[in-house]
file data00.txt (compact mmCIF, C-alpha atoms)
# COMPACT_ATOMS: atom_id res chain seq x y z
CA MET A 1124 -15.49 -1.69 8.44
CA MET A 1125 -16.32 -3.90 5.48
CA LYS A 1126 -19.80 -5.35 5.45
CA PRO A 1127 -20.12 -9.07 4.84
CA GLN A 1128 -21.97 -8.47 1.56
CA LEU A 1129 -18.88 -6.79 0.16
CA ALA A 1130 -16.69 -9.80 0.75
CA HIS A 1131 -15.42 -11.43 -2.36
CA PRO A 1132 -18.21 -13.76 -3.61
CA ALA A 1133 -17.15 -17.21 -4.70
CA GLY A 1134 -16.48 -17.62 -8.40
CA GLU A 1135 -15.97 -13.92 -9.10
CA THR A 1136 -13.85 -13.23 -12.16
CA PRO A 1137 -10.66 -11.13 -12.01
CA LYS A 1138 -12.50 -8.35 -13.88
CA GLU A 1139 -15.27 -8.30 -11.29
CA GLN A 1140 -12.66 -8.14 -8.55
CA LEU A 1141 -10.91 -5.29 -10.36
CA SER A 1142 -14.16 -3.34 -10.66
CA ALA A 1143 -14.86 -3.71 -6.92
CA LEU A 1144 -11.24 -2.90 -6.04
CA MET A 1145 -11.35 0.37 -7.98
CA ASP A 1146 -14.29 1.47 -5.83
CA GLY A 1147 -12.64 0.34 -2.60
CA ALA A 1148 -15.50 -2.15 -2.24
CA ILE A 1149 -13.45 -5.25 -1.71
CA ALA A 1150 -12.82 -7.25 1.45
CA PRO A 1151 -9.51 -6.19 3.08
CA THR A 1152 -8.37 -9.81 3.00
CA GLN A 1153 -8.75 -9.84 -0.80
CA ILE A 1154 -6.91 -6.62 -1.62
CA ASP A 1155 -3.41 -7.98 -1.46
CA ALA A 1156 -4.16 -10.92 -3.75
CA VAL A 1157 -5.90 -8.74 -6.36
CA LEU A 1158 -3.14 -6.11 -6.30
CA THR A 1159 -0.50 -8.81 -6.59
CA THR A 1160 -2.21 -10.09 -9.74
CA LEU A 1161 -2.41 -6.56 -11.16
CA CYS A 1162 1.25 -5.90 -10.38
CA ALA A 1163 2.41 -9.22 -11.81
CA ARG A 1164 3.16 -7.75 -15.23
CA ASP A 1165 6.53 -6.33 -15.94
CA GLY A 1166 6.57 -2.83 -17.41
CA SER A 1167 3.03 -2.66 -18.77
CA VAL A 1168 -0.37 -1.92 -17.30
CA PRO A 1169 -3.22 -4.45 -17.45
CA GLU A 1170 -5.61 -3.23 -20.14
CA ASP A 1171 -8.73 -3.62 -18.02
CA TRP A 1172 -7.22 -1.44 -15.28
CA HIS A 1173 -6.48 1.21 -17.89
CA THR A 1174 -9.82 0.95 -19.71
CA TYR A 1175 -12.01 0.97 -16.58
CA HIS A 1176 -10.24 4.07 -15.25
CA LEU A 1177 -10.50 5.76 -18.65
CA ILE A 1178 -14.27 5.10 -18.63
CA GLY A 1179 -14.62 6.67 -15.18
CA ASP A 1180 -12.60 9.71 -16.26
CA VAL A 1181 -14.61 10.22 -19.45
CA LEU A 1182 -17.91 9.92 -17.55
CA ARG A 1183 -16.75 12.68 -15.19
CA SER A 1184 -15.38 14.92 -17.93
CA THR A 1185 -15.07 14.54 -21.69
CA GLU A 1186 -11.83 16.51 -21.38
CA LEU A 1187 -10.30 13.41 -19.83
CA ALA A 1188 -11.02 11.44 -23.00
CA HIS A 1189 -7.58 12.60 -24.12
CA ASP A 1190 -5.74 9.32 -23.60
CA ASP A 1191 -2.15 10.10 -24.42
CA ALA A 1192 -0.58 6.69 -25.14
CA LEU A 1193 2.69 8.24 -26.27
CA THR A 1194 3.30 10.08 -23.00
CA HIS A 1195 2.21 6.99 -21.11
CA ARG A 1196 4.81 4.96 -22.94
CA LYS A 1197 7.50 7.57 -22.25
CA ILE A 1198 6.73 7.59 -18.53
CA LEU A 1199 6.86 3.80 -18.27
CA ALA A 1200 10.14 3.76 -20.19
CA ALA A 1201 11.61 6.36 -17.79
CA LEU A 1202 10.29 4.34 -14.86
CA ARG A 1203 12.11 1.26 -16.10
CA ASN A 1204 15.39 3.17 -15.72
CA GLU A 1205 14.64 4.05 -12.11
CA PRO A 1206 15.90 1.79 -9.32
CA PRO A 1207 13.30 0.12 -7.09
CA LEU A 1208 12.62 2.14 -3.95
CA VAL A 1209 13.33 1.28 -0.39
CA ALA A 1210 11.54 3.83 1.80
CA PRO A 1211 13.56 5.24 4.73
CA ARG A 1212 10.80 4.34 7.13
CA LEU A 1213 10.85 0.75 5.99
CA ARG A 1214 14.62 0.77 5.88
CA ALA A 1215 14.72 1.97 9.50
CA LEU A 1216 12.26 -0.74 10.45
CA TRP A 1217 14.35 -3.37 8.73
CA GLN A 1218 17.49 -2.07 10.44
CA ARG A 1219 15.77 -2.24 13.82
CA ARG A 1220 14.64 -5.77 13.06
CA SER A 1221 18.09 -6.66 11.88
CA MET A 1222 19.56 -5.24 15.10
CA ARG A 1223 17.08 -7.23 17.08
CA ARG A 1224 18.02 -10.33 15.15
CA GLN A 1225 21.70 -9.81 15.90
CA VAL A 1226 21.69 -8.29 19.38
CA LEU A 1227 18.97 -10.28 21.08
CA PRO A 1228 20.40 -13.73 20.35
CA ALA A 1229 23.86 -12.49 21.35
CA GLY A 1230 22.44 -11.13 24.61
CA ALA A 1231 20.53 -14.33 25.24
CA ALA A 1232 23.64 -16.41 24.60
CA LEU A 1233 25.66 -14.24 26.95
CA ALA A 1234 22.99 -14.51 29.64
CA ALA A 1235 22.90 -18.30 29.23
CA VAL A 1236 26.67 -18.55 29.54
CA ALA A 1237 26.62 -16.36 32.65
CA MET A 1238 23.86 -18.44 34.20
CA VAL A 1239 25.58 -21.74 33.52
CA GLY A 1240 28.85 -20.28 34.76
CA TRP A 1241 27.19 -19.11 37.93
CA MET A 1242 25.69 -22.55 38.53
CA VAL A 1243 28.73 -24.59 37.58
CA TRP A 1244 31.45 -22.44 39.10
CA PRO A 1245 30.90 -23.62 42.74
CA GLN A 1246 31.07 -27.24 41.67
CA LEU A 1247 34.36 -27.03 39.84
CA PRO A 1248 37.01 -29.03 41.77
CA ASN A 1249 39.41 -26.16 42.49
CA HIS A 1250 36.86 -23.43 43.00
CA SER A 1251 34.75 -24.60 45.92
CA ALA A 1252 36.04 -21.63 47.90
CA ALA A 1253 35.15 -19.05 45.25
CA PRO A 1254 33.71 -15.78 46.61
CA HIS A 1255 30.00 -16.50 46.12
CA THR A 1256 30.23 -20.08 47.34
CA GLN A 1257 32.11 -18.66 50.27
CA PHE A 1258 28.98 -16.68 51.01
CA ALA A 1259 26.83 -19.80 50.89
CA GLY A 1260 29.39 -21.64 52.99
CA SER A 1261 29.51 -18.91 55.59
CA GLU A 1262 25.75 -19.12 55.95
CA ALA A 1263 26.10 -22.85 56.27
CA ASN A 1264 28.31 -22.44 59.33
CA ASP A 1265 25.24 -21.63 61.28
CA GLY A 1266 23.44 -24.97 60.97
CA SER A 1267 20.14 -23.99 62.55
CA THR A 1268 19.74 -20.82 60.44
CA LEU A 1269 20.48 -22.73 57.31
CA ALA A 1270 18.04 -25.51 58.10
CA GLU A 1271 15.28 -22.98 58.69
CA TYR A 1272 16.15 -21.21 55.49
CA VAL A 1273 16.14 -24.42 53.45
CA ALA A 1274 12.83 -25.57 54.91
CA ALA A 1275 11.20 -22.22 54.17
CA HIS A 1276 12.70 -22.18 50.71
CA GLN A 1277 11.41 -25.66 49.86
CA GLN A 1278 7.95 -24.83 51.09
CA PHE A 1279 7.79 -21.55 49.25
CA SER A 1280 9.40 -22.58 45.98
CA SER A 1281 7.34 -25.72 45.51
CA ALA A 1282 4.24 -23.55 45.45
CA LEU A 1283 5.63 -21.38 42.68
CA THR A 1284 7.27 -23.77 40.26
CA ALA A 1285 5.81 -24.99 37.05
CA PRO A 1286 4.05 -28.35 37.15
CA GLY A 1287 6.38 -31.21 36.51
CA MET A 1288 9.55 -29.44 37.66
CA LEU A 1289 10.52 -29.18 41.32
CA PRO A 1290 13.56 -27.16 42.31
CA LEU A 1291 15.04 -28.35 45.57
CA ALA A 1292 17.60 -26.80 47.82
CA ARG A 1293 19.59 -29.51 49.53
CA GLU A 1294 21.99 -29.27 52.38
CA GLU A 1295 25.08 -31.15 51.48
CA ALA A 1296 27.24 -32.94 53.96
CA SER A 1297 29.91 -30.31 53.46
CA GLY A 1298 27.50 -27.62 54.50
CA SER A 1299 27.34 -25.89 51.13
CA VAL A 1300 24.00 -25.32 49.45
CA GLN A 1301 23.33 -26.78 46.05
CA ILE A 1302 20.29 -26.02 44.01
CA VAL A 1303 19.18 -28.77 41.67
CA THR A 1304 16.16 -29.15 39.49
CA VAL A 1305 14.50 -32.52 39.23
CA SER A 1306 11.42 -33.75 37.51
CA ALA A 1307 8.49 -34.10 39.90
CA THR A 1308 7.60 -37.34 38.23
CA GLY A 1309 11.18 -38.55 38.44
CA GLU A 1310 12.08 -39.07 42.12
CA MET B 902 -11.88 0.96 2.75
CA SER B 903 -12.06 3.59 0.02
CA GLU B 904 -10.53 4.45 -3.33
CA ARG B 905 -7.94 6.51 -1.45
CA ASP B 906 -7.01 3.47 0.63
CA ILE B 907 -6.39 1.50 -2.56
CA ASP B 908 -4.02 4.25 -3.74
CA GLN B 909 -2.25 4.06 -0.38
CA GLN B 910 -1.88 0.30 -0.76
CA LEU B 911 -0.30 0.85 -4.17
CA VAL B 912 1.99 3.55 -2.75
CA GLU B 913 3.17 1.18 -0.01
CA ARG B 914 3.90 -1.44 -2.63
CA VAL B 915 6.02 1.06 -4.54
CA GLN B 916 7.80 1.97 -1.30
CA ARG B 917 8.63 -1.71 -0.86
CA GLY B 918 10.28 -1.73 -4.27
CA ASP B 919 7.37 -2.69 -6.57
CA LYS B 920 7.71 -0.41 -9.61
CA GLN B 921 4.75 -2.04 -11.32
CA ALA B 922 2.43 -0.64 -8.65
CA PHE B 923 3.59 2.84 -9.71
CA ALA B 924 2.75 2.03 -13.34
CA LEU B 925 -0.84 1.44 -12.19
CA LEU B 926 -0.89 4.86 -10.52
CA VAL B 927 0.50 6.43 -13.71
CA SER B 928 -2.28 4.81 -15.74
CA LYS B 929 -4.90 6.07 -13.29
CA TYR B 930 -3.72 9.69 -12.95
CA GLN B 931 -1.90 10.55 -16.17
CA ARG B 932 -4.95 12.07 -17.90
CA LYS B 933 -5.72 14.29 -14.91
CA ILE B 934 -2.11 15.43 -14.58
CA GLU B 935 -1.91 16.25 -18.29
CA ARG B 936 -5.09 18.27 -18.07
CA LEU B 937 -3.76 20.09 -15.01
CA VAL B 938 -0.47 20.93 -16.73
CA SER B 939 -2.36 22.03 -19.87
CA ARG B 940 -3.93 24.81 -17.78
CA MET B 941 -0.46 26.33 -17.37
CA VAL B 942 1.47 25.36 -20.51
CA ARG B 943 0.32 25.50 -24.15
CA ASP B 944 2.69 23.36 -26.14
CA PRO B 945 1.66 19.66 -26.37
CA ASP B 946 5.29 18.46 -26.30
CA GLU B 947 6.00 20.54 -23.22
CA ILE B 948 2.86 19.23 -21.53
CA SER B 949 4.02 15.71 -22.24
CA ASP B 950 7.54 16.39 -20.90
CA ILE B 951 6.26 18.09 -17.74
CA THR B 952 3.82 15.25 -17.10
CA GLN B 953 6.62 12.74 -17.42
CA GLU B 954 8.86 14.79 -15.15
CA ALA B 955 6.11 15.09 -12.54
CA PHE B 956 5.59 11.34 -12.37
CA ILE B 957 9.29 10.53 -12.18
CA LYS B 958 9.83 13.21 -9.50
CA ALA B 959 6.90 11.77 -7.59
CA TYR B 960 8.39 8.29 -7.88
CA ARG B 961 11.75 9.48 -6.55
CA ALA B 962 10.11 11.43 -3.71
CA LEU B 963 7.77 8.59 -2.78
CA PRO B 964 9.98 7.30 0.08
CA LYS B 965 9.16 10.59 1.84
CA PHE B 966 5.40 10.30 1.23
CA ARG B 967 3.80 9.36 4.53
CA GLY B 968 0.16 9.23 3.46
CA ASP B 969 -0.90 12.29 5.51
CA SER B 970 -2.64 13.62 2.40
CA ALA B 971 -4.19 11.67 -0.47
CA PHE B 972 -1.67 10.46 -3.03
CA TYR B 973 -3.31 12.42 -5.88
CA THR B 974 -3.27 15.68 -3.87
CA TRP B 975 0.45 15.20 -3.34
CA LEU B 976 0.95 14.27 -7.00
CA TYR B 977 -0.98 17.35 -8.18
CA ARG B 978 1.26 19.55 -6.06
CA ILE B 979 4.38 18.06 -7.64
CA ALA B 980 2.93 18.52 -11.13
CA ILE B 981 2.08 22.18 -10.45
CA ASN B 982 5.62 22.79 -9.15
CA CYS B 983 7.11 21.09 -12.21
CA ALA B 984 5.05 23.30 -14.52
CA LYS B 985 5.93 26.45 -12.55
CA ASN B 986 9.65 25.60 -12.53
CA TYR B 987 9.52 24.90 -16.22
CA LEU B 988 7.91 28.25 -16.93
CA ALA B 989 10.28 30.08 -14.57
CA GLY B 990 13.25 28.46 -16.34
CA ARG B 991 12.02 29.78 -19.64
CA GLY B 992 11.13 33.18 -18.25
CA ARG B 993 7.45 32.74 -18.96
CA ARG B 994 4.31 33.11 -16.97
CA PRO B 995 1.48 30.62 -17.08
CA TYR B 996 -0.73 31.47 -20.03
CA THR B 997 -3.80 31.33 -17.86
CA GLN B 998 -4.42 32.32 -14.27
CA SER B 999 -7.56 30.25 -14.04
CA SER B 1000 -6.65 26.79 -12.84
CA PRO B 1001 -9.72 25.67 -10.93
CA ASN B 1002 -8.60 22.10 -10.44
CA ALA B 1003 -5.09 23.14 -9.53
CA GLN B 1004 -6.50 25.24 -6.72
CA ASN B 1005 -8.80 22.56 -5.49
CA PRO B 1006 -7.76 19.11 -6.61
CA ASP B 1007 -10.23 17.38 -4.30
CA ASP B 1008 -13.11 18.53 -6.48
CA ARG B 1009 -14.70 16.04 -8.79
CA GLU B 1010 -13.70 16.64 -12.38
CA THR B 1011 -16.79 18.18 -13.90
CA PHE B 1012 -15.19 21.30 -15.32
CA GLU B 1013 -15.49 21.57 -19.07
CA ASP B 1014 -13.16 23.76 -21.08
CA ASN B 1015 -12.91 22.84 -24.73
CA GLU B 1016 -10.48 25.66 -25.51
CA ASN B 1017 -7.85 24.06 -23.34
CA LEU B 1018 -8.63 20.68 -24.81
CA SER B 1019 -7.72 21.93 -28.26
CA ASP B 1020 -4.41 23.29 -26.92
CA ILE B 1021 -3.07 19.96 -25.82
CA ASN B 1022 -4.20 18.01 -28.84
CA THR B 1023 -2.98 17.57 -32.35
CA PRO B 1024 -5.84 17.18 -34.88
CA GLU B 1025 -5.34 13.42 -34.86
CA SER B 1026 -5.40 13.02 -31.09
CA LEU B 1027 -8.30 15.48 -30.88
CA LEU B 1028 -10.27 13.21 -33.19
CA MET B 1029 -9.31 10.23 -31.08
CA SER B 1030 -10.41 11.96 -27.86
CA LYS B 1031 -13.69 12.88 -29.49
CA GLN B 1032 -14.26 9.29 -30.59
CA VAL B 1033 -13.46 7.96 -27.10
CA ALA B 1034 -15.88 10.41 -25.49
CA GLU B 1035 -18.63 9.65 -28.02
CA THR B 1036 -18.15 5.89 -27.68
CA VAL B 1037 -18.32 6.00 -23.89
CA ASN B 1038 -21.36 8.27 -23.83
CA GLN B 1039 -23.18 6.23 -26.48
CA ALA B 1040 -22.39 2.99 -24.65
CA VAL B 1041 -23.78 4.47 -21.42
CA ASP B 1042 -26.95 5.59 -23.22
CA ASP B 1043 -27.40 2.06 -24.56
CA LEU B 1044 -27.09 0.41 -21.13
CA PRO B 1045 -30.15 -1.03 -19.40
CA GLU B 1046 -31.47 1.58 -17.00
CA ASP B 1047 -30.43 -0.14 -13.77
CA LEU B 1048 -26.84 -0.53 -15.00
CA ARG B 1049 -26.72 3.07 -16.25
CA THR B 1050 -28.03 4.42 -12.95
CA ALA B 1051 -25.59 2.34 -10.89
CA VAL B 1052 -22.50 3.33 -12.86
CA THR B 1053 -23.59 7.00 -13.01
CA LEU B 1054 -24.14 7.19 -9.26
CA ARG B 1055 -20.74 5.65 -8.70
CA GLU B 1056 -18.56 7.41 -11.29
CA ILE B 1057 -20.22 10.81 -11.54
CA GLU B 1058 -21.77 11.24 -8.11
CA GLY B 1059 -18.99 9.36 -6.31
CA MET B 1060 -21.43 7.45 -4.11
CA SER B 1061 -20.40 4.36 -2.15
CA TYR B 1062 -21.94 0.94 -2.85
CA GLU B 1063 -23.95 1.24 0.39
CA GLU B 1064 -25.38 4.60 -0.67
CA ILE B 1065 -26.22 3.30 -4.16
CA ALA B 1066 -27.90 0.23 -2.64
CA GLN B 1067 -30.09 2.52 -0.53
CA ALA B 1068 -30.88 4.78 -3.49
CA MET B 1069 -31.74 1.86 -5.78
CA HIS B 1070 -33.44 -0.30 -3.12
CA CYS B 1071 -31.31 -3.35 -3.84
CA PRO B 1072 -28.63 -5.42 -2.08
CA ILE B 1073 -25.00 -4.27 -2.17
CA GLY B 1074 -24.08 -7.42 -4.11
CA THR B 1075 -26.46 -6.31 -6.86
CA VAL B 1076 -24.85 -2.85 -6.97
CA ARG B 1077 -21.46 -4.45 -7.26
CA SER B 1078 -22.63 -6.65 -10.12
CA ARG B 1079 -24.42 -3.81 -11.97
CA ILE B 1080 -21.40 -1.51 -11.82
CA PHE B 1081 -19.13 -4.24 -13.11
CA ARG B 1082 -21.50 -5.17 -15.96
CA ALA B 1083 -21.85 -1.52 -16.92
CA ARG B 1084 -18.08 -1.01 -17.02
CA GLU B 1085 -17.54 -4.17 -19.00
CA ALA B 1086 -20.27 -3.28 -21.53
CA ILE B 1087 -18.70 0.16 -22.10
CA ALA B 1088 -15.20 -1.34 -22.26
CA GLU B 1089 -16.31 -3.78 -24.96
CA ARG B 1090 -17.34 -0.89 -27.17
CA LEU B 1091 -14.17 1.02 -26.38
CA ARG B 1092 -11.60 -1.75 -26.92
CA PRO B 1093 -11.58 -1.77 -30.75
CA LEU B 1094 -10.96 1.98 -30.71
CA LEU B 1095 -8.16 1.75 -28.13
CA ASP B 1096 -6.56 -1.16 -29.97
CA THR B 1097 -6.53 0.85 -33.21
CA ALA B 1098 -4.98 3.82 -31.40
CA LYS B 1099 -2.35 1.58 -29.85
CA ASP B 1100 -1.43 0.08 -33.22
CA LYS B 1101 -1.09 3.52 -34.75
CA ARG B 1102 0.88 5.21 -32.03
CA TRP B 1103 2.97 2.54 -30.29
call {"tool": "encode", "arguments": {"input": "data00.txt", "output": "structure tokens"}}
result
Amino acid sequence: MMKPQLAHPAGETPKEQLSALMDGAIAPTQIDAVLTTLCARDGSVPEDWHTYHLIGDVLRSTELAHDDALTHRKILAALRNEPPLVAPRLRALWQRRSMRRQVLPAGAALAAVAMVGWMVWPQLPNHSAAPHTQFAGSEANDGSTLAEYVAAHQQFSSALTAPGMLPLAREEASGSVQIVTVSATGE
Amino acid sequence: MSERDIDQQLVERVQRGDKQAFALLVSKYQRKIERLVSRMVRDPDEISDITQEAFIKAYRALPKFRGDSAFYTWLYRIAINCAKNYLAGRGRRPYTQSSPNAQNPDDRETFEDNENLSDINTPESLLMSKQVAETVNQAVDDLPEDLRTAVTLREIEGMSYEEIAQAMHCPIGTVRSRIFRAREAIAERLRPLLDTAKDKRW
């Protein structure tokens, strides 16, 4: 873990940051910004990056004083002809994210439609005798059972709902059960 | 955070499509790769071609690099394979069996072998290498002692800033500043030479 003293001091020049970066002695939060600056050039290498590394190499071995600019130029020219990479791992991640972006909203939309359909269906004029409302209606035939159920439901659900919203189960005159949600501050 | 972590950050940038990050890795490792290849191949042009091939192969294979090993270890392996394939294609054997750094790339580069140095250099580039080495060493000798000690402990001994701070009895911020000032003082002496070389050869 980086010690506080290694954090980027205020007013440090880009060269100072580069020197610390080369030694891995830079705050993790600073790395991205410094690397972005270093990578900002197109097709050439910042001279200080090159010179500082050359110095380190030569200090370790005079053999590494052989600084072949011609080969360097050839490699960078060949690199310019290469397409930018997209790593498979990253590509897979992006595909998963893309799937999530497409599938999740579609699933959520489908679920919303189903929910609304389920709620609205019993109230449609010609569908009051639809199968699942039939179930509710058949329960409603037994008035005492239904009243007990509704009372218990109201007591239990009011304890669980979010503040401000109070779902109520009401017994309609027709005997069917309708669930409505009203604002607690409203009625 | 270490030097290896910085390499990994650069690798991940390349994997996200940033070619410039790879140019930085080329600049950092080209000299070591050329020296490695020069242990197996004599001809300077062939060394140059194999070095180029190794870097471009590494670039193309980088999507498969997962960071299980250090980037330079992986790069060294590619360079050795390129040199071996090249020699196999020409029906030759490596001219030397002694490749200490090839066998153990994690070692610090302290191995001196001036015979090999002469193999990969034309007289002109040999002179240039000699001037670079002399300039760096003279600049280090001329540094104030605390700067010279700090940069030596870092670059030659490979010590961390914390370890150098303990050795020199000073705060880490001071180590950081001394190493930077040492590098910059050496770089100032080196720049005229590098600029001349660039004008001549580019």
call {"tool": "closest_residue", "arguments": {"input": "data00.txt", "among": "B:Ile1065, B:Val1052, B:Asp1043, B:Thr974", "to": "chain A", "atoms": "only C-alpha atoms"}}
result
B:Val1052
call {"tool": "closest_residue", "arguments": {"input": "data00.txt", "among": "A:Glu1186, A:Pro1137, A:Ile1198, A:Arg1203", "to": "Thr1160 in chain A", "atoms": "all atoms listed in the file"}}
result
A:Pro1137
call {"tool": "interface_residues", "arguments": {"input": "data00.txt", "of": "chain A", "to": "chain B", "cutoff": "6 Å", "atoms": "all atoms listed in the file", "output": "list in words"}}
result
Glu1139, Ser1142, Asp1146, Gly1147, Cys1162, His1173, Gly1179, Arg1183, Ser1184, Thr1185, Leu1187, Ala1188, His1189, Thr1194, Ile1198, Pro1207, Leu1208, Val1209 and Ala1210 of chain A
call {"tool": "atom_distance", "arguments": {"input": "data00.txt", "atom1": "CA of Pro1024 in chain B", "atom2": "CA of Ile981 in chain B"}}
result
26.2 Å
call {"tool": "atom_distance", "arguments": {"input": "data00.txt", "atom1": "CA of Cys983 in chain B", "atom2": "CA of Ser939 in chain B"}}
result
12.2 Å
call {"tool": "atom_distance", "arguments": {"input": "data00.txt", "atom1": "CA of Gly1166 in chain A", "atom2": "CA of Lys1197 in chain A"}}
result
11.5 Å
call {"tool": "closest_residue", "arguments": {"input": "data00.txt", "among": "A:Val1168, A:Leu1193, A:Ala1200, A:Ile1178", "to": "Arg1090 in chain B", "atoms": "all atoms listed in the file"}}
result
A:Ile1178
call {"tool": "axis_aligned_box", "arguments": {"input": "data00.txt", "around": "range 1155-1174 of chain A", "padding_each_side": "8 Å", "output": "lines of an AutoDock Vina configuration file"}}
result
center_x = -1.6
center_y = -4.9
center_z = -10.8
size_x = 32.4
size_y = 28.1
size_z = 34.7
